[in-house]
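Asker: Below is the file target-v7.pdb, which contains PDB, C-alpha atoms.
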```pdb
ATOM      1  CA  MET A 780      18.325 -74.938-206.037  1.00  0.00           C
ATOM      2  CA  LYS A 781      21.644 -74.256-207.764  1.00  0.00           C
ATOM      3  CA  THR A 782      23.993 -71.800-206.073  1.00  0.00           C
ATOM      4  CA  THR A 783      27.641 -70.768-206.394  1.00  0.00           C
ATOM      5  CA  HIS A 784      30.034 -70.469-203.470  1.00  0.00           C
ATOM      6  CA  LYS A 785      33.397 -68.744-203.611  1.00  0.00           C
ATOM      7  CA  ILE A 786      35.760 -70.334-201.124  1.00  0.00           C
ATOM      8  CA  ARG A 787      39.405 -70.078-200.101  1.00  0.00           C
ATOM      9  CA  ASP A 788      39.490 -66.381-200.923  1.00  0.00           C
ATOM     10  CA  GLY A 789      37.965 -67.014-204.342  1.00  0.00           C
ATOM     11  CA  LYS A 790      40.449 -69.661-205.454  1.00  0.00           C
ATOM     12  CA  PHE A 791      37.505 -72.051-205.879  1.00  0.00           C
ATOM     13  CA  SER A 792      34.150 -71.222-207.409  1.00  0.00           C
ATOM     14  CA  VAL A 793      31.843 -74.087-206.483  1.00  0.00           C
ATOM     15  CA  GLU A 794      28.622 -74.941-208.300  1.00  0.00           C
ATOM     16  CA  THR A 795      26.399 -76.441-205.611  1.00  0.00           C
ATOM     17  CA  TRP A 796      22.926 -77.957-205.572  1.00  0.00           C
ATOM     18  CA  GLU A 797      21.132 -77.497-202.264  1.00  0.00           C
ATOM     19  CA  PHE A 798      17.819 -78.866-201.030  1.00  0.00           C
ATOM     20  CA  GLY A 799      15.820 -78.901-197.814  1.00  0.00           C
ATOM     21  CA  SER A 800      16.732 -78.135-194.225  1.00  0.00           C
ATOM     22  CA  GLY A 801      17.709 -79.972-191.073  1.00  0.00           C
ATOM     23  CA  GLU A 802      20.848 -81.981-190.355  1.00  0.00           C
ATOM     24  CA  PRO A 803      23.425 -81.351-193.095  1.00  0.00           C
ATOM     25  CA  LEU A 804      24.083 -84.074-195.657  1.00  0.00           C
ATOM     26  CA  LEU A 805      27.068 -83.653-197.970  1.00  0.00           C
ATOM     27  CA  TYR A 806      26.702 -85.619-201.215  1.00  0.00           C
ATOM     28  CA  ILE A 807      29.950 -86.342-203.092  1.00  0.00           C
ATOM     29  CA  HIS A 808      29.345 -87.378-206.701  1.00  0.00           C
ATOM     30  CA  GLY A 809      31.173 -89.921-208.815  1.00  0.00           C
ATOM     31  CA  ALA A 810      33.167 -89.524-212.034  1.00  0.00           C
ATOM     32  CA  GLY A 811      29.996 -88.816-214.011  1.00  0.00           C
ATOM     33  CA  GLY A 812      29.246 -85.716-211.921  1.00  0.00           C
ATOM     34  CA  LEU A 813      25.766 -84.427-211.192  1.00  0.00           C
ATOM     35  CA  THR A 814      23.135 -84.379-213.922  1.00  0.00           C
ATOM     36  CA  GLY A 815      21.314 -81.216-212.797  1.00  0.00           C
ATOM     37  CA  PHE A 816      18.255 -83.456-212.507  1.00  0.00           C
ATOM     38  CA  ASP A 817      18.850 -85.683-209.499  1.00  0.00           C
ATOM     39  CA  PRO A 818      15.467 -86.431-207.878  1.00  0.00           C
ATOM     40  CA  PHE A 819      17.004 -88.521-205.093  1.00  0.00           C
ATOM     41  CA  LEU A 820      18.745 -85.415-203.746  1.00  0.00           C
ATOM     42  CA  GLU A 821      15.470 -83.495-203.670  1.00  0.00           C
ATOM     43  CA  GLU A 822      13.786 -86.410-201.924  1.00  0.00           C
ATOM     44  CA  LEU A 823      16.525 -86.604-199.272  1.00  0.00           C
ATOM     45  CA  GLY A 824      16.030 -82.851-198.875  1.00  0.00           C
ATOM     46  CA  LYS A 825      12.711 -83.642-197.183  1.00  0.00           C
ATOM     47  CA  ASP A 826      14.685 -84.890-194.175  1.00  0.00           C
ATOM     48  CA  PHE A 827      18.086 -83.231-194.438  1.00  0.00           C
ATOM     49  CA  ARG A 828      19.832 -80.117-195.632  1.00  0.00           C
ATOM     50  CA  VAL A 829      21.419 -81.600-198.738  1.00  0.00           C
ATOM     51  CA  ILE A 830      24.555 -79.948-200.135  1.00  0.00           C
ATOM     52  CA  ALA A 831      25.781 -81.461-203.415  1.00  0.00           C
ATOM     53  CA  PRO A 832      28.793 -79.593-204.820  1.00  0.00           C
ATOM     54  CA  HIS A 833      30.444 -80.209-208.137  1.00  0.00           C
ATOM     55  CA  LEU A 834      34.095 -81.008-207.525  1.00  0.00           C
ATOM     56  CA  PRO A 835      36.370 -78.447-209.226  1.00  0.00           C
ATOM     57  CA  GLY A 836      36.812 -79.552-212.825  1.00  0.00           C
ATOM     58  CA  PHE A 837      33.180 -80.667-213.045  1.00  0.00           C
ATOM     59  CA  GLY A 838      30.320 -78.556-214.367  1.00  0.00           C
ATOM     60  CA  GLU A 839      30.774 -74.886-213.528  1.00  0.00           C
ATOM     61  CA  SER A 840      33.126 -75.451-210.579  1.00  0.00           C
ATOM     62  CA  THR A 841      36.592 -73.995-211.048  1.00  0.00           C
ATOM     63  CA  GLY A 842      39.946 -74.419-209.317  1.00  0.00           C
ATOM     64  CA  GLY A 843      40.640 -77.954-210.507  1.00  0.00           C
ATOM     65  CA  GLU A 844      44.322 -77.143-211.007  1.00  0.00           C
ATOM     66  CA  LEU A 845      44.614 -76.857-207.200  1.00  0.00           C
ATOM     67  CA  VAL A 846      43.355 -80.412-206.667  1.00  0.00           C
ATOM     68  CA  GLU A 847      46.124 -82.858-207.526  1.00  0.00           C
ATOM     69  CA  ASP A 848      45.321 -85.900-205.384  1.00  0.00           C
ATOM     70  CA  VAL A 849      42.801 -87.414-202.975  1.00  0.00           C
ATOM     71  CA  VAL A 850      44.147 -85.451-200.015  1.00  0.00           C
ATOM     72  CA  ASP A 851      43.699 -82.161-201.892  1.00  0.00           C
ATOM     73  CA  ALA A 852      40.152 -83.241-202.761  1.00  0.00           C
ATOM     74  CA  ALA A 853      39.325 -84.178-199.153  1.00  0.00           C
ATOM     75  CA  LEU A 854      40.705 -80.852-197.933  1.00  0.00           C
ATOM     76  CA  PHE A 855      38.570 -79.087-200.539  1.00  0.00           C
ATOM     77  CA  TYR A 856      35.453 -80.635-198.944  1.00  0.00           C
ATOM     78  CA  HIS A 857      36.713 -79.697-195.470  1.00  0.00           C
ATOM     79  CA  GLN A 858      37.217 -76.116-196.639  1.00  0.00           C
ATOM     80  CA  LEU A 859      33.759 -75.974-198.197  1.00  0.00           C
ATOM     81  CA  MET A 860      32.140 -77.265-194.997  1.00  0.00           C
ATOM     82  CA  ASP A 861      34.126 -74.789-192.902  1.00  0.00           C
ATOM     83  CA  GLU A 862      33.094 -71.838-195.034  1.00  0.00           C
ATOM     84  CA  LEU A 863      29.450 -72.983-195.031  1.00  0.00           C
ATOM     85  CA  GLY A 864      29.581 -73.195-191.226  1.00  0.00           C
ATOM     86  CA  ILE A 865      29.126 -76.976-191.082  1.00  0.00           C
ATOM     87  CA  PRO A 866      31.407 -78.578-188.451  1.00  0.00           C
ATOM     88  CA  SER A 867      30.106 -82.078-189.247  1.00  0.00           C
ATOM     89  CA  ALA A 868      27.597 -83.722-191.561  1.00  0.00           C
ATOM     90  CA  HIS A 869      26.319 -87.007-192.835  1.00  0.00           C
ATOM     91  CA  ILE A 870      28.437 -87.750-195.898  1.00  0.00           C
ATOM     92  CA  VAL A 871      27.160 -89.813-198.831  1.00  0.00           C
ATOM     93  CA  GLY A 872      29.650 -90.660-201.561  1.00  0.00           C
ATOM     94  CA  HIS A 873      29.080 -92.542-204.808  1.00  0.00           C
ATOM     95  CA  SER A 874      31.825 -94.425-206.691  1.00  0.00           C
ATOM     96  CA  MET A 875      34.774 -92.001-206.986  1.00  0.00           C
ATOM     97  CA  GLY A 876      32.841 -89.867-204.508  1.00  0.00           C
ATOM     98  CA  GLY A 877      32.872 -92.782-202.062  1.00  0.00           C
ATOM     99  CA  MET A 878      36.653 -92.789-202.218  1.00  0.00           C
ATOM    100  CA  LEU A 879      36.766 -89.039-201.563  1.00  0.00           C
ATOM    101  CA  ALA A 880      34.128 -89.307-198.816  1.00  0.00           C
ATOM    102  CA  SER A 881      36.236 -91.989-197.130  1.00  0.00           C
ATOM    103  CA  GLU A 882      39.337 -89.804-197.311  1.00  0.00           C
ATOM    104  CA  THR A 883      37.367 -86.843-195.933  1.00  0.00           C
ATOM    105  CA  ALA A 884      36.157 -88.938-192.993  1.00  0.00           C
ATOM    106  CA  ALA A 885      39.600 -90.432-192.368  1.00  0.00           C
ATOM    107  CA  LEU A 886      41.467 -87.115-192.326  1.00  0.00           C
ATOM    108  CA  ASP A 887      39.224 -85.726-189.562  1.00  0.00           C
ATOM    109  CA  VAL A 888      37.331 -88.337-187.569  1.00  0.00           C
ATOM    110  CA  HIS A 889      34.873 -85.719-186.287  1.00  0.00           C
ATOM    111  CA  ARG A 890      33.794 -84.489-189.728  1.00  0.00           C
ATOM    112  CA  ALA A 891      31.392 -87.296-190.690  1.00  0.00           C
ATOM    113  CA  LYS A 892      28.438 -88.086-188.412  1.00  0.00           C
ATOM    114  CA  LYS A 893      27.493 -91.080-190.528  1.00  0.00           C
ATOM    115  CA  LEU A 894      28.997 -92.226-193.788  1.00  0.00           C
ATOM    116  CA  VAL A 895      27.255 -93.880-196.757  1.00  0.00           C
ATOM    117  CA  LEU A 896      29.467 -95.394-199.450  1.00  0.00           C
ATOM    118  CA  VAL A 897      27.612 -96.325-202.637  1.00  0.00           C
ATOM    119  CA  GLY A 898      29.441 -98.623-205.066  1.00  0.00           C
ATOM    120  CA  SER A 899      32.579 -97.006-203.738  1.00  0.00           C
ATOM    121  CA  ALA A 900      36.026 -96.907-205.304  1.00  0.00           C
ATOM    122  CA  GLY A 901      39.118 -96.835-203.130  1.00  0.00           C
ATOM    123  CA  PHE A 902      40.591-100.331-203.154  1.00  0.00           C
ATOM    124  CA  TRP A 903      41.985-102.750-205.718  1.00  0.00           C
ATOM    125  CA  LEU A 904      41.617-106.536-205.584  1.00  0.00           C
ATOM    126  CA  ASP A 905      43.763-108.408-208.091  1.00  0.00           C
ATOM    127  CA  GLU A 906      41.276-111.281-208.163  1.00  0.00           C
ATOM    128  CA  HIS A 907      38.412-108.869-208.935  1.00  0.00           C
ATOM    129  CA  PRO A 908      39.875-106.189-211.245  1.00  0.00           C
ATOM    130  CA  ILE A 909      37.809-103.083-211.904  1.00  0.00           C
ATOM    131  CA  PRO A 910      37.331-102.420-215.640  1.00  0.00           C
ATOM    132  CA  ASP A 911      39.223 -99.503-217.172  1.00  0.00           C
ATOM    133  CA  PHE A 912      36.477 -96.894-216.994  1.00  0.00           C
ATOM    134  CA  PHE A 913      38.448 -94.530-219.229  1.00  0.00           C
ATOM    135  CA  ALA A 914      38.741 -97.017-222.095  1.00  0.00           C
ATOM    136  CA  LEU A 915      35.015 -97.783-222.279  1.00  0.00           C
ATOM    137  CA  ASP A 916      32.877 -95.990-224.827  1.00  0.00           C
ATOM    138  CA  LEU A 917      29.207 -95.199-224.262  1.00  0.00           C
ATOM    139  CA  SER A 918      28.031 -98.328-226.074  1.00  0.00           C
ATOM    140  CA  GLU A 919      30.018-100.535-223.646  1.00  0.00           C
ATOM    141  CA  LEU A 920      29.400 -98.519-220.512  1.00  0.00           C
ATOM    142  CA  GLY A 921      25.727 -99.389-220.143  1.00  0.00           C
ATOM    143  CA  SER A 922      26.297-103.046-219.292  1.00  0.00           C
ATOM    144  CA  TYR A 923      28.695-102.050-216.498  1.00  0.00           C
ATOM    145  CA  LEU A 924      26.534 -99.287-215.027  1.00  0.00           C
ATOM    146  CA  PHE A 925      22.999-100.692-215.220  1.00  0.00           C
ATOM    147  CA  HIS A 926      21.196-103.860-214.243  1.00  0.00           C
ATOM    148  CA  ASP A 927      19.133-103.394-217.402  1.00  0.00           C
ATOM    149  CA  PRO A 928      21.020-101.379-220.046  1.00  0.00           C
ATOM    150  CA  LYS A 929      17.866-101.289-222.188  1.00  0.00           C
ATOM    151  CA  SER A 930      15.686 -99.677-219.518  1.00  0.00           C
ATOM    152  CA  PRO A 931      14.378 -96.141-220.131  1.00  0.00           C
ATOM    153  CA  ILE A 932      16.653 -94.617-217.464  1.00  0.00           C
ATOM    154  CA  ALA A 933      19.707 -96.367-218.928  1.00  0.00           C
ATOM    155  CA  GLN A 934      18.832 -95.196-222.422  1.00  0.00           C
ATOM    156  CA  LEU A 935      18.419 -91.655-221.120  1.00  0.00           C
ATOM    157  CA  PHE A 936      21.927 -91.738-219.632  1.00  0.00           C
ATOM    158  CA  LEU A 937      23.493 -93.287-222.704  1.00  0.00           C
ATOM    159  CA  ALA A 938      21.698 -91.180-225.320  1.00  0.00           C
ATOM    160  CA  ILE A 939      23.882 -89.316-227.816  1.00  0.00           C
ATOM    161  CA  PRO A 940      22.433 -85.932-228.878  1.00  0.00           C
ATOM    162  CA  ASP A 941      21.441 -85.480-232.515  1.00  0.00           C
ATOM    163  CA  ASP A 942      22.217 -81.777-232.371  1.00  0.00           C
ATOM    164  CA  GLN A 943      25.868 -81.229-233.330  1.00  0.00           C
ATOM    165  CA  GLU A 944      26.368 -78.356-230.888  1.00  0.00           C
ATOM    166  CA  GLN A 945      24.974 -80.389-227.989  1.00  0.00           C
ATOM    167  CA  LEU A 946      27.132 -83.350-229.018  1.00  0.00           C
ATOM    168  CA  VAL A 947      30.304 -81.267-228.952  1.00  0.00           C
ATOM    169  CA  GLU A 948      29.287 -79.775-225.605  1.00  0.00           C
ATOM    170  CA  MET A 949      28.672 -83.254-224.165  1.00  0.00           C
ATOM    171  CA  TYR A 950      32.077 -84.568-225.231  1.00  0.00           C
ATOM    172  CA  VAL A 951      33.919 -81.463-224.031  1.00  0.00           C
ATOM    173  CA  GLU A 952      32.311 -81.773-220.598  1.00  0.00           C
ATOM    174  CA  ARG A 953      32.924 -85.541-220.504  1.00  0.00           C
ATOM    175  CA  THR A 954      36.591 -85.053-221.392  1.00  0.00           C
ATOM    176  CA  LYS A 955      36.966 -82.375-218.712  1.00  0.00           C
ATOM    177  CA  ARG A 956      35.359 -84.569-216.060  1.00  0.00           C
ATOM    178  CA  LEU A 957      37.388 -87.644-216.945  1.00  0.00           C
ATOM    179  CA  ALA A 958      40.607 -85.617-216.869  1.00  0.00           C
ATOM    180  CA  MET A 959      39.815 -84.619-213.281  1.00  0.00           C
ATOM    181  CA  ALA A 960      38.657 -88.108-212.303  1.00  0.00           C
ATOM    182  CA  SER A 961      41.870 -89.620-213.689  1.00  0.00           C
ATOM    183  CA  LYS A 962      43.781 -87.965-210.827  1.00  0.00           C
ATOM    184  CA  PHE A 963      42.057 -90.406-208.476  1.00  0.00           C
ATOM    185  CA  LEU A 964      41.098 -93.395-210.616  1.00  0.00           C
ATOM    186  CA  TRP A 965      43.715 -93.982-213.323  1.00  0.00           C
ATOM    187  CA  PRO A 966      45.377 -96.368-213.956  1.00  0.00           C
ATOM    188  CA  ILE A 967      43.712 -98.064-210.981  1.00  0.00           C
ATOM    189  CA  PRO A 968      41.431 -96.578-208.283  1.00  0.00           C
ATOM    190  CA  ASP A 969      43.845 -97.140-205.401  1.00  0.00           C
ATOM    191  CA  ARG A 970      45.456 -94.095-203.804  1.00  0.00           C
ATOM    192  CA  GLY A 971      46.390 -95.541-200.433  1.00  0.00           C
ATOM    193  CA  LEU A 972      43.013 -95.522-198.702  1.00  0.00           C
ATOM    194  CA  LYS A 973      43.946 -98.896-197.185  1.00  0.00           C
ATOM    195  CA  LYS A 974      46.521 -97.049-195.039  1.00  0.00           C
ATOM    196  CA  ARG A 975      43.931 -94.579-193.692  1.00  0.00           C
ATOM    197  CA  ALA A 976      40.548 -96.332-193.667  1.00  0.00           C
ATOM    198  CA  HIS A 977      41.115 -97.615-190.111  1.00  0.00           C
ATOM    199  CA  ARG A 978      40.788 -93.996-188.914  1.00  0.00           C
ATOM    200  CA  ILE A 979      37.161 -93.716-190.058  1.00  0.00           C
ATOM    201  CA  ALA A 980      35.069 -93.501-186.882  1.00  0.00           C
ATOM    202  CA  ALA A 981      31.633 -92.768-188.350  1.00  0.00           C
ATOM    203  CA  PRO A 982      29.046 -95.557-188.552  1.00  0.00           C
ATOM    204  CA  THR A 983      29.159 -96.560-192.221  1.00  0.00           C
ATOM    205  CA  LEU A 984      26.612 -98.012-194.629  1.00  0.00           C
ATOM    206  CA  LEU A 985      28.097 -99.929-197.557  1.00  0.00           C
ATOM    207  CA  LEU A 986      25.392 -99.743-200.209  1.00  0.00           C
ATOM    208  CA  TRP A 987      25.813-101.648-203.449  1.00  0.00           C
ATOM    209  CA  GLY A 988      23.749-102.503-206.505  1.00  0.00           C
ATOM    210  CA  GLU A 989      23.580-106.282-206.726  1.00  0.00           C
ATOM    211  CA  SER A 990      24.338-106.121-210.477  1.00  0.00           C
ATOM    212  CA  ASP A 991      27.185-103.608-210.286  1.00  0.00           C
ATOM    213  CA  ARG A 992      29.770-104.760-212.844  1.00  0.00           C
ATOM    214  CA  LEU A 993      31.958-101.670-212.629  1.00  0.00           C
ATOM    215  CA  ILE A 994      32.861-101.965-208.929  1.00  0.00           C
ATOM    216  CA  PRO A 995      31.340-105.320-207.970  1.00  0.00           C
ATOM    217  CA  PRO A 996      29.734-105.965-204.565  1.00  0.00           C
ATOM    218  CA  VAL A 997      32.754-108.001-203.422  1.00  0.00           C
ATOM    219  CA  TYR A 998      34.420-104.631-202.774  1.00  0.00           C
ATOM    220  CA  ALA A 999      31.910-103.960-200.006  1.00  0.00           C
ATOM    221  CA  GLY A1000      33.602-106.781-198.133  1.00  0.00           C
ATOM    222  CA  GLU A1001      36.968-105.047-198.447  1.00  0.00           C
ATOM    223  CA  PHE A1002      35.543-101.855-196.952  1.00  0.00           C
ATOM    224  CA  ALA A1003      33.919-103.885-194.151  1.00  0.00           C
ATOM    225  CA  LYS A1004      37.328-105.392-193.295  1.00  0.00           C
ATOM    226  CA  ARG A1005      38.980-102.001-193.014  1.00  0.00           C
ATOM    227  CA  ILE A1006      36.312 -99.782-191.391  1.00  0.00           C
ATOM    228  CA  LYS A1007      35.295-100.566-187.806  1.00  0.00           C
ATOM    229  CA  ASN A1008      31.539 -99.993-187.721  1.00  0.00           C
ATOM    230  CA  THR A1009      29.831-100.976-190.969  1.00  0.00           C
ATOM    231  CA  LYS A1010      26.542-102.289-192.250  1.00  0.00           C
ATOM    232  CA  THR A1011      26.245-103.738-195.758  1.00  0.00           C
ATOM    233  CA  GLU A1012      23.121-103.622-197.910  1.00  0.00           C
ATOM    234  CA  THR A1013      22.662-104.640-201.537  1.00  0.00           C
ATOM    235  CA  LEU A1014      19.874-103.412-203.774  1.00  0.00           C
ATOM    236  CA  LYS A1015      18.258-105.852-206.182  1.00  0.00           C
ATOM    237  CA  ALA A1016      17.818-105.033-209.882  1.00  0.00           C
ATOM    238  CA  ALA A1017      20.391-102.249-209.587  1.00  0.00           C
ATOM    239  CA  GLY A1018      23.837-101.737-211.054  1.00  0.00           C
ATOM    240  CA  HIS A1019      26.408 -99.040-210.380  1.00  0.00           C
ATOM    241  CA  LEU A1020      23.812 -96.233-210.339  1.00  0.00           C
ATOM    242  CA  PRO A1021      21.178 -97.468-207.844  1.00  0.00           C
ATOM    243  CA  MET A1022      20.051 -93.910-207.016  1.00  0.00           C
ATOM    244  CA  TYR A1023      18.721 -93.616-210.578  1.00  0.00           C
ATOM    245  CA  GLU A1024      17.830 -97.221-211.334  1.00  0.00           C
ATOM    246  CA  GLN A1025      16.091 -98.033-208.024  1.00  0.00           C
ATOM    247  CA  PRO A1026      15.517 -94.596-206.451  1.00  0.00           C
ATOM    248  CA  GLU A1027      12.871 -95.649-203.931  1.00  0.00           C
ATOM    249  CA  ALA A1028      14.971 -98.503-202.540  1.00  0.00           C
ATOM    250  CA  PHE A1029      18.050 -96.270-202.513  1.00  0.00           C
ATOM    251  CA  ILE A1030      16.312 -93.462-200.622  1.00  0.00           C
ATOM    252  CA  LYS A1031      14.751 -95.899-198.160  1.00  0.00           C
ATOM    253  CA  ALA A1032      18.158 -97.432-197.394  1.00  0.00           C
ATOM    254  CA  VAL A1033      19.969 -94.103-196.994  1.00  0.00           C
ATOM    255  CA  ARG A1034      17.204 -92.391-195.036  1.00  0.00           C
ATOM    256  CA  GLY A1035      16.708 -95.413-192.775  1.00  0.00           C
ATOM    257  CA  PHE A1036      20.397 -95.643-191.947  1.00  0.00           C
ATOM    258  CA  LEU A1037      20.936 -91.930-191.352  1.00  0.00           C
ATOM    259  CA  LYS A1038      17.842 -91.578-189.165  1.00  0.00           C
ATOM    260  CA  SER A1039      18.425 -94.768-187.146  1.00  0.00           C
TER     261      SER A1039
END
```
Translate the structure of the given file into structure tokens.
Answerer:
Amino acid sequence: MKTTHKIRDGKFSVETWEFGSGEPLLYIHGAGGLTGFDPFLEELGKDFRVIAPHLPGFGESTGGELVEDVVDAALFYHQLMDELGIPSAHIVGHSMGGMLASETAALDVHRAKKLVLVGSAGFWLDEHPIPDFFALDLSELGSYLFHDPKSPIAQLFLAIPDDQEQLVEMYVERTKRLAMASKFLWPIPDRGLKKRAHRIAAPTLLLWGESDRLIPPVYAGEFAKRIKNTKTETLKAAGHLPMYEQPEAFIKAVRGFLKS
């Protein structure tokens, strides 16, 4: 169900997708945002109260001008949780959202019960450079995001609308999202997490698609070096978007870790 929350005395209007009941699970999306059709969130809603907000600057969420860096973004999630009456939650972050989830957990060690980082940004390894996400066009992006760029789900993500109005709308939204994401990811996705990651106290699952070419699985090892209590799992036949490409395996891994 889509809802809107006004927080910080109305300075932020937050478009939020919410599913289920039970222990709270905060889902922090990546640079692509939420699609509005994210079955894995509904499925996790069978076991948890899933809260998936659009970061300001994405979708219908406003207040992006108040978020200038990763600390501002982490404090935005703290504020949202406070105003929703959620002292702590399981936090699942994908890609850019993994970086922001890590910062959220590092700033307040009591905020995250358990942490799941999926193909997470946050570090930079010179020997394994991350491609310039902002310079890739849709025709190139598929091979970085998907194990099989020709699969039906990949083609659905990479489809360009025939309708001119929809095409303009798509590019306007994409430009808006990338402008916000650039505050955290450009020119490289390193904003000092290495100085703070040691503070993360929550048990952490490092979940990667085996075929991820955008942020390759070697980065899971960097997170494992810097966070005390981690478990690493890779999903076969999955790229950077395992929740869409291998949803059953993704849900099984996340659910199993959070309920263990």
Asker: Looking at A:Leu859, A:Ile1006, A:Leu804, A:Ala980, which one is nearest to Val888 of chain A, with distances taken over all atoms listed in the file?
Answerer: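 The closest residue to Val888 of chain A is A:Ala980.
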Asker: Using the chain letters and numbering of this document, enumerate as a PyMOL selection string the residues selected by the PyMOL selection byres ((chain A and resi 942-958) around 7).
Answerer: chain A and resi 810+836-837+939-941+959-961
Asker: Could you spell out the hits of the PyMOL selection byres ((chain A and resi 855) around 10) on the shown file, as a PyMOL selection string?
Answerer: chain A and resi 786-787+791+834-835+845-846+849-854+856-861+883
Asker: What's the 10 Å shell around Leu820 of chain A, counting all atoms listed in the file, without same-chain residues fewer than 2 positions away, as a list of chain:residue names?
Answerer: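 Counting only the stated atoms, we get A:Trp796, A:Glu797, A:Phe798, A:Gly799, A:Leu804, A:Tyr806, A:Phe816, A:Asp817, A:Pro818, A:Glu822, A:Leu823, A:Gly824, A:Lys825, A:Phe827, A:Arg828, A:Val829, A:Ile830, A:Ala831, A:Met1022, A:Ile1030.
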Asker: Quick one: which residues end up in the PyMOL selection byres ((chain A and resi 977) around 6) for this structure, as a list in words?
Answerer: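 Checking the PyMOL selection byres ((chain A and resi 977) around 6) against this file, the residues are Arg975, Ala976, Arg978, Ile979, Arg1005 and Ile1006 of chain A.
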Asker: Using C-alpha atoms, can you write the selected residues to a file as a tab-separated table (two decimals), keeping the file's coordinate frame?
Answerer:
```
chain	number	residue	atom	x	y	z
A	975	ARG	CA	43.93	-94.58	-193.69
A	976	ALA	CA	40.55	-96.33	-193.67
A	978	ARG	CA	40.79	-94.00	-188.91
A	979	ILE	CA	37.16	-93.72	-190.06
A	1005	ARG	CA	38.98	-102.00	-193.01
A	1006	ILE	CA	36.31	-99.78	-191.39
```
Asker: Using all atoms listed in the file, which of the listed residues (A:Gly838, A:Pro928, A:Gly1018, A:Pro996) sits closest to Ala900 of chain A?
Answerer: A:Pro996
Asker: Given only C-alpha atoms as the basis, pick out the residue of A:Tyr923, A:Trp965, A:Phe913, A:Phe1029 nearest to Leu984 of chain A.
Answerer: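 Among A:Tyr923, A:Trp965, A:Phe913, A:Phe1029, it is A:Phe1029 that comes nearest to Leu984 of chain A.
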Asker: As an NGL selection string, please: the residues near His1019 of chain A (cut-off 7 Å, all atoms listed in the file, same-chain neighbours under 4 positions excluded).
Answerer: :A and (898 or 924-925 or 988 or 991 or 993)
Asker: For the atom pair atom CA of Gly842 of chain A and atom CA of Gly789 of chain A, what is the interatomic distance in Å to one decimal place?
Answerer: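 These two atoms are separated by 9.1 Å.
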Asker: Can you tell me how far atom CA of Glu882 of chain A sits from atom CA of Ser990 of chain A, in Å to one decimal?
Answerer: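 We find that atom CA of Glu882 of chain A and atom CA of Ser990 of chain A lie 25.8 Å from each other.
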Asker: Figure out the distance between atom CA of Gly971 of chain A and atom CA of Leu879 of chain A, please, to one decimal in Å.
Answerer: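 For atom CA of Leu879 of chain A relative to atom CA of Gly971 of chain A, the distance reads 11.7 Å.
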Asker: Counting only C-alpha atoms, figure out which residue out of A:Leu896, A:Leu805, A:Met878, A:Leu863 gets nearest to Ala1003 of chain A.
Answerer: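 Nearest candidate to Ala1003 of chain A out of A:Leu896, A:Leu805, A:Met878, A:Leu863: A:Leu896.
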Asker: Please, what is the axis-aligned box for every listed atom of segment 805-822 of chain A with 3 Å on each side, as centre and edge lengths in Å to one decimal, as AutoDock Vina command-line options?
Answerer:
```
--center_x 23.5 --center_y -85.6 --center_z -206.0 --size_x 25.4 --size_y 14.7 --size_z 22.0
```
Asker: List every protein, DNA or RNA residue with an atom no more than 9 Å from (45.2, -96.6, -203.0) in the file's coordinates, counting all atoms listed in the file, and format the result as a ChimeraX atom specification.
Answerer: /A:901-903,963,967-974
Asker: Name the residues within 7 Å of (30.5, -74.5, -211.3), counting only C-alpha atoms in the file's coordinates, and put them as a list in words.
Answerer: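 Using only C-alpha atoms, the matching residues come out as Thr783, Ser792, Val793, Glu794, His833, Phe837, Gly838, Glu839, Ser840 and Thr841 of chain A.
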Asker: Return segment 920-929 of chain A, completed with N, CA and C atoms, as a short mmCIF file (atom, residue, chain, number, x, y, z; two decimals), in the coordinates of the input.
Answerer:
```
data_model
loop_
_atom_site.label_atom_id
_atom_site.label_comp_id
_atom_site.auth_asym_id
_atom_site.auth_seq_id
_atom_site.Cartn_x
_atom_site.Cartn_y
_atom_site.Cartn_z
N LEU A 920 29.56 -98.95 -221.89
CA LEU A 920 29.40 -98.52 -220.51
C LEU A 920 28.10 -99.00 -219.87
N GLY A 921 27.05 -99.05 -220.67
CA GLY A 921 25.73 -99.39 -220.14
C GLY A 921 25.68 -100.70 -219.39
N SER A 922 26.35 -101.73 -219.93
CA SER A 922 26.30 -103.05 -219.29
C SER A 922 27.05 -103.07 -217.97
N TYR A 923 27.96 -102.14 -217.76
CA TYR A 923 28.70 -102.05 -216.50
C TYR A 923 27.95 -101.21 -215.46
N LEU A 924 27.19 -100.23 -215.94
CA LEU A 924 26.53 -99.29 -215.03
C LEU A 924 25.14 -99.72 -214.59
N PHE A 925 24.42 -100.44 -215.46
CA PHE A 925 23.00 -100.69 -215.22
C PHE A 925 22.68 -102.17 -215.15
N HIS A 926 21.74 -102.50 -214.29
CA HIS A 926 21.20 -103.86 -214.24
C HIS A 926 20.54 -104.19 -215.57
N ASP A 927 19.80 -103.22 -216.11
CA ASP A 927 19.13 -103.39 -217.40
C ASP A 927 19.54 -102.24 -218.32
N PRO A 928 20.54 -102.46 -219.17
CA PRO A 928 21.02 -101.38 -220.05
C PRO A 928 19.99 -100.91 -221.07
N LYS A 929 18.90 -101.67 -221.23
CA LYS A 929 17.87 -101.29 -222.19
C LYS A 929 16.70 -100.56 -221.52
#
```
